[in-house]
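**Student:** This is the content of target37.txt (compact mmCIF, C-alpha atoms):
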```txt
# COMPACT_ATOMS: atom_id res chain seq x y z
CA MET N 194 -47.52 55.84 67.16
CA ILE N 195 -47.32 54.60 63.58
CA LEU N 196 -44.38 56.93 62.95
CA ALA N 197 -42.59 55.63 66.08
CA ASN N 198 -43.10 52.00 65.01
CA ALA N 199 -41.81 52.80 61.52
CA PHE N 200 -38.72 54.43 63.02
CA CYS N 201 -38.06 51.41 65.25
CA LEU N 202 -38.46 49.06 62.29
CA PHE N 203 -36.05 51.14 60.21
CA PHE N 204 -33.52 51.21 63.07
CA PHE N 205 -33.77 47.41 63.49
CA LEU N 206 -33.25 46.76 59.76
CA ASP N 207 -30.31 49.18 59.64
CA GLU N 208 -28.56 47.48 62.58
CA THR N 209 -29.21 44.05 61.06
CA LEU N 210 -27.67 45.03 57.73
CA ARG N 211 -24.68 46.57 59.50
CA SER N 212 -24.08 43.38 61.48
CA LEU N 213 -24.33 41.25 58.35
CA ALA N 214 -21.83 43.48 56.55
CA SER N 215 -19.32 43.57 59.43
CA PRO N 216 -16.05 41.64 59.09
CA SER N 217 -16.88 39.51 62.14
CA SER N 218 -19.90 38.07 60.34
CA LEU N 219 -17.98 37.03 57.26
CA GLN N 220 -16.48 33.59 56.88
CA GLY N 221 -13.97 31.92 54.59
CA SER N 222 -12.97 33.81 51.46
CA GLU N 223 -15.29 36.72 52.35
CA LEU N 224 -13.21 37.49 55.42
CA ARG N 225 -10.07 37.84 53.35
CA GLY N 226 -11.59 40.80 51.50
CA TRP N 227 -11.35 42.87 54.68
CA ARG N 228 -7.67 42.13 55.32
CA PRO N 229 -5.09 44.63 54.02
CA GLN N 230 -2.76 43.10 51.42
CA VAL N 231 0.95 42.96 52.25
CA ASP N 232 3.96 41.62 50.39
CA CYS N 233 4.80 37.98 51.06
CA VAL N 234 8.01 38.73 52.96
CA ARG N 235 6.05 40.86 55.43
CA ALA N 236 3.23 38.30 55.53
CA ASN N 237 5.77 35.62 56.41
CA GLU N 238 7.03 37.78 59.29
CA LEU N 239 3.47 38.25 60.57
CA CYS N 240 2.84 34.51 60.35
CA ALA N 241 6.10 33.71 62.17
CA ALA N 242 4.98 35.93 65.05
CA GLU N 243 1.80 33.87 65.51
CA SER N 244 2.37 30.35 66.82
CA ASN N 245 -0.60 28.66 65.15
CA CYS N 246 0.19 30.18 61.74
CA SER N 247 3.92 29.46 61.91
CA SER N 248 3.44 25.82 62.93
CA ARG N 249 0.89 25.27 60.14
CA TYR N 250 3.20 26.92 57.64
CA ARG N 251 6.06 24.61 58.59
CA THR N 252 3.70 21.67 58.19
CA LEU N 253 2.61 22.79 54.73
CA ARG N 254 6.20 23.21 53.55
CA GLN N 255 6.94 19.66 54.65
CA CYS N 256 3.76 18.44 52.94
CA LEU N 257 4.67 20.06 49.62
CA ALA N 258 8.22 18.73 49.53
CA GLY N 259 8.29 16.20 46.70
CA ARG N 260 4.53 15.59 46.63
CA ASP N 261 1.79 16.44 44.20
CA ARG N 262 -1.37 18.17 45.37
CA ASN N 263 -3.59 15.06 45.54
CA THR N 264 -1.04 13.16 47.65
CA MET N 265 -0.65 16.15 49.93
CA LEU N 266 -4.39 16.63 50.47
CA ALA N 267 -4.83 12.92 51.25
CA ASN N 268 -3.04 13.72 54.49
CA LYS N 269 -5.48 15.29 56.95
CA GLU N 270 -2.74 17.23 58.73
CA CYS N 271 -1.63 18.77 55.44
CA GLN N 272 -5.18 19.66 54.51
CA ALA N 273 -5.78 21.27 57.90
CA ALA N 274 -2.58 23.32 57.55
CA LEU N 275 -3.66 24.59 54.14
CA GLU N 276 -7.11 25.56 55.44
CA VAL N 277 -5.61 27.56 58.30
CA LEU N 278 -3.16 29.35 56.04
CA GLN N 279 -5.95 30.36 53.69
CA GLU N 280 -7.17 32.59 56.51
CA SER N 281 -3.72 34.13 57.09
CA PRO N 282 -2.04 37.15 55.42
CA LEU N 283 0.05 34.66 53.43
CA TYR N 284 -2.90 33.75 51.25
CA ASP N 285 -3.46 37.29 49.93
CA CYS N 286 0.18 38.38 49.78
CA ARG N 287 1.77 39.58 46.55
CA CYS N 288 5.23 40.69 45.40
CA LYS N 289 6.67 43.70 43.60
CA ARG N 290 8.79 43.15 40.53
CA GLY N 291 12.35 44.24 41.22
CA MET N 292 11.87 44.45 45.00
CA LYS N 293 14.95 43.81 47.12
CA LYS N 294 13.82 40.33 48.24
CA GLU N 295 11.85 39.43 45.13
CA LEU N 296 13.00 35.82 44.96
CA GLN N 297 12.26 35.17 48.64
CA CYS N 298 8.85 36.81 48.21
CA LEU N 299 8.01 34.62 45.22
CA GLN N 300 9.16 31.46 46.99
CA ILE N 301 6.78 32.22 49.84
CA TYR N 302 3.93 32.98 47.41
CA TRP N 303 4.30 29.72 45.49
CA SER N 304 4.72 27.69 48.70
CA ILE N 305 1.07 28.51 49.38
CA HIS N 306 -0.44 28.70 45.90
CA LEU N 307 1.09 25.55 44.41
CA GLY N 308 -0.89 23.67 47.02
CA LEU N 309 -4.13 25.34 45.91
CA THR N 310 -4.02 24.50 42.20
CA GLU N 311 -5.55 21.44 40.62
CA GLY N 312 -2.50 20.08 38.84
CA GLU N 313 -0.85 22.30 36.23
CA GLU N 314 -3.12 25.12 35.14
CA PHE N 315 -2.98 26.72 31.70
CA TYR N 316 -3.17 30.23 33.14
CA GLU N 317 -1.79 30.89 36.60
CA ALA N 318 -2.59 33.93 38.74
CA SER N 319 0.18 36.52 38.83
CA PRO N 320 2.10 36.74 42.11
CA TYR N 321 2.82 40.43 41.43
CA GLU N 322 0.85 43.43 42.58
CA PRO N 323 -1.40 44.72 39.79
CA VAL N 324 -0.19 47.64 37.68
CA THR N 325 -2.55 50.61 37.95
CA SER N 326 -0.43 53.35 36.35
CA ARG N 327 -0.53 54.27 32.67
CA LEU N 328 2.06 54.97 30.01
CA SER N 329 0.64 58.25 28.74
CA ASP N 330 3.66 60.35 29.72
CA ILE N 331 6.13 57.84 28.28
CA PHE N 332 4.00 57.57 25.14
CA ARG N 333 4.31 61.31 24.68
CA LEU N 334 8.10 61.04 25.04
CA ALA N 335 8.11 58.22 22.53
CA SER N 336 6.10 60.41 20.19
CA ILE N 337 8.69 63.20 20.46
CA PHE N 338 11.65 60.91 19.86
CA SER N 339 9.98 58.90 17.11
CA GLY N 340 8.94 62.00 15.21
CA THR N 341 5.19 61.40 15.45
CA GLY N 342 3.46 64.64 14.60
CA ALA N 343 6.54 66.04 12.85
CA ASP N 344 7.14 66.42 9.12
CA PRO N 345 5.98 63.10 7.60
CA VAL N 346 8.87 63.11 5.15
CA VAL N 347 11.44 63.53 7.94
CA SER N 348 9.69 60.99 10.16
CA ALA N 349 9.58 58.38 7.38
CA LYS N 350 13.35 58.65 6.91
CA SER N 351 14.14 58.36 10.63
CA ASN N 352 15.38 55.15 12.22
CA HIS N 353 13.48 55.41 15.49
CA CYS N 354 15.26 52.41 16.99
CA LEU N 355 18.62 54.09 16.32
CA ASP N 356 17.27 57.28 17.92
CA ALA N 357 16.29 55.19 20.97
CA ALA N 358 19.83 53.78 21.24
CA LYS N 359 21.28 57.29 21.08
CA ALA N 360 18.89 58.44 23.80
CA CYS N 361 20.06 55.52 25.95
CA ASN N 362 23.66 56.61 25.52
CA LEU N 363 22.82 60.02 26.95
CA ASN N 364 21.85 58.36 30.24
CA ASP N 365 24.81 57.02 32.23
CA ASN N 366 22.95 54.09 33.79
CA CYS N 367 21.30 53.03 30.54
CA LYS N 368 24.57 53.28 28.61
CA LYS N 369 26.52 51.34 31.24
CA LEU N 370 24.08 48.42 31.49
CA ARG N 371 23.51 48.32 27.73
CA SER N 372 27.26 48.21 27.11
CA SER N 373 27.50 45.41 29.66
CA TYR N 374 24.93 43.08 28.12
CA ILE N 375 26.15 43.74 24.57
CA SER N 376 29.70 42.86 25.61
CA ILE N 377 28.68 39.73 27.51
CA CYS N 378 26.22 38.44 24.92
CA ASN N 379 28.73 38.99 22.08
CA ARG N 380 31.63 37.30 23.87
CA GLU N 381 32.44 33.99 22.16
CA ILE N 382 33.44 31.22 24.57
CA SER N 383 34.85 28.71 22.09
CA PRO N 384 34.47 27.73 18.42
CA THR N 385 31.59 25.45 19.45
CA GLU N 386 30.03 27.74 22.07
CA ARG N 387 28.61 30.99 20.73
CA CYS N 388 28.42 32.71 24.13
CA ASN N 389 27.64 32.22 27.80
CA ARG N 390 23.85 32.19 27.60
CA ARG N 391 23.36 32.20 31.36
CA LYS N 392 25.48 35.33 31.84
CA CYS N 393 23.85 36.97 28.83
CA HIS N 394 20.39 36.38 30.32
CA LYS N 395 21.47 37.79 33.67
CA ALA N 396 22.87 40.94 32.04
CA LEU N 397 19.63 41.42 30.09
CA ARG N 398 17.56 41.05 33.25
CA GLN N 399 19.68 43.68 34.93
CA PHE N 400 19.17 46.05 32.02
CA PHE N 401 15.38 45.71 31.83
CA ASP N 402 14.86 45.74 35.60
CA ARG N 403 17.24 48.59 36.46
CA VAL N 404 16.87 51.03 33.56
CA PRO N 405 13.73 53.24 33.44
CA SER N 406 11.14 52.09 30.94
CA GLU N 407 11.26 55.39 29.04
CA TYR N 408 14.62 54.15 27.69
CA THR N 409 14.13 50.37 27.52
CA TYR N 410 10.68 50.54 25.93
CA ARG N 411 11.89 52.91 23.23
CA MET N 412 14.53 50.39 22.23
CA LEU N 413 12.26 47.36 22.46
CA PHE N 414 9.03 48.77 21.02
CA CYS N 415 10.25 51.47 18.61
CA SER N 416 8.13 51.98 15.48
CA CYS N 417 9.71 51.20 12.12
CA GLN N 418 9.11 52.16 8.50
CA ASP N 419 11.66 49.82 6.90
CA GLN N 420 13.42 46.50 7.43
CA ALA N 421 16.72 48.04 8.52
CA CYS N 422 14.99 49.65 11.49
CA ALA N 423 12.97 46.51 12.25
CA GLU N 424 16.12 44.38 12.16
CA ARG N 425 17.77 46.69 14.68
CA ARG N 426 14.68 46.29 16.88
CA ARG N 427 14.89 42.50 16.57
CA GLN N 428 18.58 42.61 17.45
CA THR N 429 17.99 44.62 20.65
CA ILE N 430 18.32 41.57 22.92
CA LEU N 431 21.21 39.97 20.96
CA PRO N 432 19.02 37.04 19.85
CA SER N 433 21.87 34.88 18.53
CA CYS N 434 22.89 34.39 22.17
CA SER N 435 19.84 35.16 24.32
CA TYR N 436 17.08 33.74 22.12
CA GLU N 437 18.04 31.35 19.34
CA GLU N 438 19.33 27.78 19.71
CA LYS N 439 20.24 25.06 17.23
CA GLU N 440 16.81 23.47 17.54
CA LYS N 441 13.46 24.69 18.77
CA PRO N 442 12.06 22.83 21.78
CA ASN N 443 8.38 22.03 22.16
CA CYS N 444 6.56 25.01 23.69
CA LEU N 445 4.91 22.94 26.42
CA ASP N 446 8.28 21.47 27.38
CA LEU N 447 9.70 24.98 27.50
CA ARG N 448 6.79 26.09 29.67
CA SER N 449 7.36 23.16 32.04
CA LEU N 450 11.04 24.05 32.28
CA CYS N 451 10.16 27.67 33.02
CA ARG N 452 7.74 26.64 35.76
CA THR N 453 10.45 24.77 37.66
CA ASP N 454 11.91 28.18 38.55
CA HIS N 455 10.10 30.67 40.79
CA LEU N 456 11.15 33.78 38.87
CA CYS N 457 10.49 32.46 35.37
CA ARG N 458 7.17 30.96 36.47
CA SER N 459 6.14 34.29 38.01
CA ARG N 460 7.08 36.36 34.96
CA LEU N 461 5.14 34.00 32.65
CA ALA N 462 2.08 34.11 34.91
CA ASP N 463 2.31 37.91 34.97
CA PHE N 464 2.45 38.04 31.17
CA HIS N 465 -0.69 35.93 30.88
CA ALA N 466 -2.46 38.05 33.51
CA ASN N 467 -1.69 41.36 31.79
CA CYS N 468 -1.53 40.45 28.08
CA ARG N 469 -4.19 37.77 27.75
CA ALA N 470 -6.48 38.94 24.96
CA SER N 471 -9.77 40.36 26.22
CA TYR N 472 -12.69 40.93 23.87
CA ARG N 473 -14.53 43.05 26.43
CA THR N 474 -12.15 46.02 26.24
CA ILE N 475 -11.36 48.64 23.61
CA THR N 476 -7.69 47.68 23.30
CA SER N 477 -8.09 43.90 23.73
CA CYS N 478 -5.98 44.26 26.90
CA PRO N 479 -7.18 43.55 30.45
CA ALA N 480 -8.42 46.83 31.94
CA ASP N 481 -7.19 48.58 28.75
CA ASN N 482 -3.78 48.84 30.40
CA TYR N 483 -0.97 48.91 27.82
CA GLN N 484 1.71 49.52 30.44
CA ALA N 485 0.89 46.35 32.35
CA CYS N 486 1.20 44.26 29.18
CA LEU N 487 4.42 45.84 27.93
CA GLY N 488 6.00 45.61 31.37
CA SER N 489 5.08 41.93 31.66
CA TYR N 490 6.49 41.21 28.20
CA ALA N 491 9.79 42.96 29.00
CA GLY N 492 9.88 41.11 32.31
CA MET N 493 10.25 37.75 30.55
CA ILE N 494 13.44 38.74 28.72
CA GLY N 495 16.44 36.97 30.20
CA PHE N 496 14.64 33.74 31.10
CA ASP N 497 14.05 30.40 29.35
CA MET N 498 10.79 31.86 28.03
CA THR N 499 12.50 34.92 26.46
CA PRO N 500 10.31 36.25 23.60
CA ASN N 501 11.45 38.22 20.56
CA TYR N 502 10.34 39.44 17.13
CA VAL N 503 10.29 36.50 14.73
CA ASP N 504 11.39 38.52 11.70
CA SER N 505 12.25 41.99 10.43
CA SER N 506 8.84 43.03 9.19
CA PRO N 507 8.38 46.76 9.95
CA THR N 508 4.59 46.50 10.20
CA GLY N 509 3.45 42.90 10.73
CA ILE N 510 4.44 42.59 14.40
CA VAL N 511 4.81 38.94 15.45
CA VAL N 512 6.64 37.86 18.60
CA SER N 513 7.26 34.39 20.00
CA PRO N 514 9.38 32.40 22.42
CA TRP N 515 11.96 30.16 20.70
CA CYS N 516 9.74 27.07 20.44
CA ASN N 517 7.20 25.26 18.26
CA CYS N 518 4.53 22.60 18.67
CA ARG N 519 6.17 19.67 16.90
CA GLY N 520 5.92 16.46 18.88
CA SER N 521 3.01 17.64 21.01
CA GLY N 522 0.97 14.47 20.43
CA ASN N 523 -2.47 14.74 21.97
CA MET N 524 -1.42 18.04 23.59
CA GLU N 525 -1.09 19.82 20.24
CA GLU N 526 -4.23 21.92 20.72
CA GLU N 527 -3.00 23.17 24.10
CA CYS N 528 0.44 23.87 22.67
CA GLU N 529 -0.98 25.89 19.76
CA LYS N 530 -3.15 27.85 22.17
CA PHE N 531 -0.10 28.66 24.30
CA LEU N 532 1.91 29.77 21.27
CA ARG N 533 -0.94 31.94 19.90
CA ASP N 534 -0.86 33.96 23.13
CA PHE N 535 2.37 35.35 21.70
CA THR N 536 2.13 35.13 17.92
CA GLU N 537 -1.53 36.16 17.48
CA ASN N 538 -2.16 38.29 20.55
CA PRO N 539 -4.11 41.48 19.70
CA CYS N 540 -3.47 42.99 23.15
CA LEU N 541 0.30 42.67 22.88
CA ARG N 542 0.35 43.78 19.23
CA ASN N 543 -1.82 46.83 19.94
CA ALA N 544 0.28 47.77 22.97
CA ILE N 545 3.53 47.63 20.97
CA GLN N 546 2.03 49.67 18.15
CA ALA N 547 0.52 52.20 20.56
CA PHE N 548 3.86 52.78 22.24
CA GLY N 549 5.66 53.18 18.91
CA ASN N 550 3.00 55.64 17.73
CA GLY N 551 2.92 57.58 20.98
CA THR N 552 -0.75 56.87 21.63
CA ASP N 553 -2.62 55.63 24.67
CA VAL N 554 -6.15 54.30 24.99
CA ASN N 555 -7.39 57.79 25.92
CA MET N 556 -5.58 59.45 23.01
CA SER N 557 -7.68 58.14 20.15
CA PRO N 558 -5.26 55.96 18.14
CA LYS N 559 -5.00 57.10 14.54
CA GLY N 560 -5.97 53.86 12.87
CA PRO N 561 -6.76 50.18 13.26
CA SER N 562 -4.02 47.82 14.32
CA PHE N 563 -2.15 45.78 11.74
CA PRO N 564 -3.04 42.11 11.33
CA ALA N 565 -0.54 39.64 12.74
CA THR N 566 1.03 38.54 9.48
CA GLN N 567 4.57 37.41 8.85
CA ALA N 568 6.76 39.09 6.26
CA PRO N 569 9.51 37.28 4.36
CA ARG N 570 12.62 36.83 6.46
CA VAL N 571 15.72 38.85 5.81
CA GLU N 572 19.16 37.45 6.46
CA LYS N 573 19.88 37.54 10.18
CA THR N 574 22.89 39.46 11.39
CA PRO N 575 25.28 38.04 13.96
CA SER N 576 25.15 40.87 16.45
CA LEU N 577 23.55 44.19 17.29
CA PRO N 578 24.74 47.27 15.36
CA ASP N 579 25.87 49.64 18.00
CA ASP N 580 27.22 53.13 18.42
CA LEU N 581 29.05 52.30 21.65
CA SER N 582 32.83 52.60 21.46
CA ASP N 583 33.33 49.95 24.17
CA SER N 584 31.29 47.20 22.49
CA THR N 585 32.79 44.34 20.56
CA SER N 586 33.70 44.92 16.92
CA LEU N 587 30.95 44.41 14.36
CA GLY N 588 31.04 43.00 10.89
CA THR N 589 30.25 45.12 7.83
CA SER N 590 27.20 42.99 7.10
CA VAL N 591 25.67 44.19 10.36
CA ILE N 592 26.22 47.84 9.56
CA THR N 593 24.91 47.38 6.05
CA THR N 594 21.72 45.72 7.28
CA CYS N 595 20.86 48.20 9.98
CA THR N 596 22.55 51.52 9.36
CA SER N 597 25.75 53.05 8.08
CA ILE N 598 28.68 54.09 10.23
CA GLN N 599 27.96 57.71 9.42
CA GLU N 600 24.30 57.36 10.45
CA GLN N 601 25.36 55.90 13.78
CA GLY N 602 27.84 58.71 14.44
CA LEU N 603 30.65 56.44 15.61
CA LYS N 604 33.64 58.27 17.08
CA THR N 605 36.35 55.65 16.91
CA ASN N 606 19.12 24.43 37.04
CA ASN N 607 16.28 22.21 36.29
CA SER N 608 15.02 20.62 39.49
CA LYS N 609 11.36 19.62 39.18
CA GLU N 610 10.66 19.57 42.92
CA LEU N 611 9.56 22.63 44.79
CA SER N 612 12.42 23.95 46.91
CA MET N 613 11.18 25.39 50.17
CA CYS N 614 14.53 26.74 51.34
CA PHE N 615 14.18 30.48 50.98
CA THR N 616 17.78 31.26 50.06
CA GLU N 617 18.59 33.13 46.90
CA THR N 618 21.83 31.22 46.33
CA HIS N 619 20.03 28.08 45.12
CA ASP N 620 17.92 29.64 42.38
CA LYS N 621 18.89 29.42 38.73
CA TYR N 622 18.07 33.09 38.13
CA GLN N 623 19.95 35.14 40.68
CA PRO N 624 18.60 38.62 41.49
CA TRP N 625 21.10 41.39 41.75
CA GLU N 626 22.15 43.48 44.70
```
Translate the structure described by the file into structure tokens.
**Tutor:**
Amino acid sequence: MILANAFCLFFFLDETLRSLASPSSLQGSELRGWRPQVDCVRANELCAAESNCSSRYRTLRQCLAGRDRNTMLANKECQAALEVLQESPLYDCRCKRGMKKELQCLQIYWSIHLGLTEGEEFYEASPYEPVTSRLSDIFRLASIFSGTGADPVVSAKSNHCLDAAKACNLNDNCKKLRSSYISICNREISPTERCNRRKCHKALRQFFDRVPSEYTYRMLFCSCQDQACAERRRQTILPSCSYEEKEKPNCLDLRSLCRTDHLCRSRLADFHANCRASYRTITSCPADNYQACLGSYAGMIGFDMTPNYVDSSPTGIVVSPWCNCRGSGNMEEECEKFLRDFTENPCLRNAIQAFGNGTDVNMSPKGPSFPATQAPRVEKTPSLPDDLSDSTSLGTSVITTCTSIQEQGLKTNNSKELSMCFTETHDKYQPWE
């Protein structure tokens, strides 16, 4: 009898716990944990097929047009629409970088999430699916091409960034797209206009989004033993056109400009999500994932927030957008914090060094990372030294700074309102077919 009662009690408790854990018993944000995540284009299609969701979504888009969050939420109809959509697939949807309808996907994502934020947040959640893969295989390739593990004397004399450029030229797609952006970014428009910056940025985005990372990362994150190599690395993105301007804007103004565009805003949010320094991990990177950080950094190249190496120091790695914190007023502390996420970021610095050394978090890096110190500047060169026969001609000062001809082996829009029209033709940064 006692045994039977104990069994009944156990059965009752088991059924109770099962009912409490079932999706039907969960409310609000808990329910969303049981819903499979889809990309925002697909989520939009699912919402359109459901009358209540589609009508609420149309309402929210109208609510967001030209209004800030507080004004929008003062309207009960707007607030009700937002609450309904939080229970739809649109709330959990994410995008894939480089997907065919990336811009449309991001527009849908921000149409929901801009209504959820309290004003302008310092760090925004990334609209992209999280990166779970690692760079171990690519690190090993980088180790082979950079000479890590080879004769130290030979490795010290190698220009690993030049080796990376030569490797790119052996791949038809890499060579074609690299030739394209070098030609475009070096093309002078007039005596007063150095180049067409917009076209240069687009060509760079095509290169970093279309070419496999085993080629692009080797050029962007190659390890250097001397200033000639480091200068070639700094010149990878043709900074005189894509990066530098006559004056440096304020970093918070540059951030605000970036956030008026769906693509730039998304790439910046992704960088913060994957490169924000964490003191709870071995590498200082979120989830100890170097690949996620390096991919997010490369993803910002070709936008207003384009980062680059600030000098030609071979060891003291410091990167930054082209901006400073002058004129920040009472926002100076926030501006300096934003800038330090680039210039003094141990996660990003460790990831760059790990790639150049061919090491991953599970490979026992050979030594501590270098401190983020700046070396004296060397004279900047006007364009990238290149071993491509179809690039524009280069001055002798460029070849002297980076490498000799023999070493190269030469053979002879700012709208501040959220646009809810999901058409790619109205965005400042056009994706490519």
**Student:** If you measure from atom CA of Pro500 of chain N to atom CA of Cys233 of chain N, what distance in Å do you get, rounded to one decimal?
**Tutor:**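 If I compute the distance from atom CA of Pro500 of chain N to atom CA of Cys233 of chain N, I get 28.1 Å.
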**Student:** Can you pull out the residues contacting His306 of chain N? Cut-off 10 Å, using all atoms listed in the file, and skip same-chain residues under 5 positions away; I want them as JSON, numbers by chain.
**Tutor:** {"N": [275, 279, 283, 284, 285, 301, 317, 318, 320]}
**Student:** Check the smallest atom-to-atom distance from each of N:Met412, N:Phe315, N:Ile430, N:Val404 to Leu532 of chain N using all atoms listed in the file, then report the winner.
**Tutor:**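 Ranked by minimum distance to Leu532 of chain N, first place goes to N:Phe315.
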**Student:** Which is closest to Leu456 of chain N among N:Arg290, N:Lys369, N:Arg469, N:Lys392, if we use all atoms listed in the file?
**Tutor:** N:Arg290
**Student:** Determine the nearest neighbour of Asp534 of chain N from the options N:Tyr374, N:Phe496, N:Tyr250, N:Phe464, counting only C-alpha atoms.
**Tutor:** N:Phe464
**Student:** What does the distance between atom CA of Ser521 of chain N and atom CA of Met493 of chain N come to in Å, to one decimal place?
**Tutor:**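 Taking atom CA of Ser521 of chain N as the start and atom CA of Met493 of chain N as the end point, the length is 23.4 Å.
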**Student:** Find the distance between atom CA of Ser513 of chain N and atom CA of Arg380 of chain N and write it in Å to one decimal.
**Tutor:**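 So the two atoms, atom CA of Ser513 of chain N and atom CA of Arg380 of chain N, lie 24.8 Å apart.
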**Student:** Could you check which of N:Ala423, N:Glu440, N:Lys530, N:Ala547 is closest to Val511 of chain N, using all atoms listed in the file?
**Tutor:**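 The answer is N:Ala423, which sits nearest to Val511 of chain N.
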**Student:** Give as number ranges by chain the set of residues within 10 Å of the point (6.4, 37.6, 36.0), where distances use the file's coordinates and only C-alpha atoms.
**Tutor:** N: 288-290, 299, 319-321, 455-467, 488-493
**Student:** So which one's closest to Ala360 of chain N, N:Cys415, N:Cys271, N:Tyr408, N:Glu280? Using all atoms listed in the file, please.
**Tutor:**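 So, comparing all the options, the nearest one is N:Tyr408.
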**Student:** With all atoms listed in the file as the atoms that count, which of N:Ile305, N:Cys540, N:Val234, N:Cys246 lies nearest to Arg473 of chain N?
**Tutor:** N:Cys540
**Student:** List as a list in words the protein and nucleic acid residues near Leu447 of chain N, meaning an atom at most 8 Å away when only C-alpha atoms are counted, but skip any in the same chain fewer than 5 places from it.
**Tutor:**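 In the requested format, the answer is Pro442, Asp497, Met498 and Cys516 of chain N.
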**Student:** Would you write out those residues with C-alpha atoms, as a compact mmCIF listing (two decimals), keeping the file's coordinate frame?
**Tutor:**
```
# COMPACT_ATOMS: atom_id res chain seq x y z
CA PRO N 442 12.06 22.83 21.78
CA ASP N 497 14.05 30.40 29.35
CA MET N 498 10.79 31.86 28.03
CA CYS N 516 9.74 27.07 20.44
```
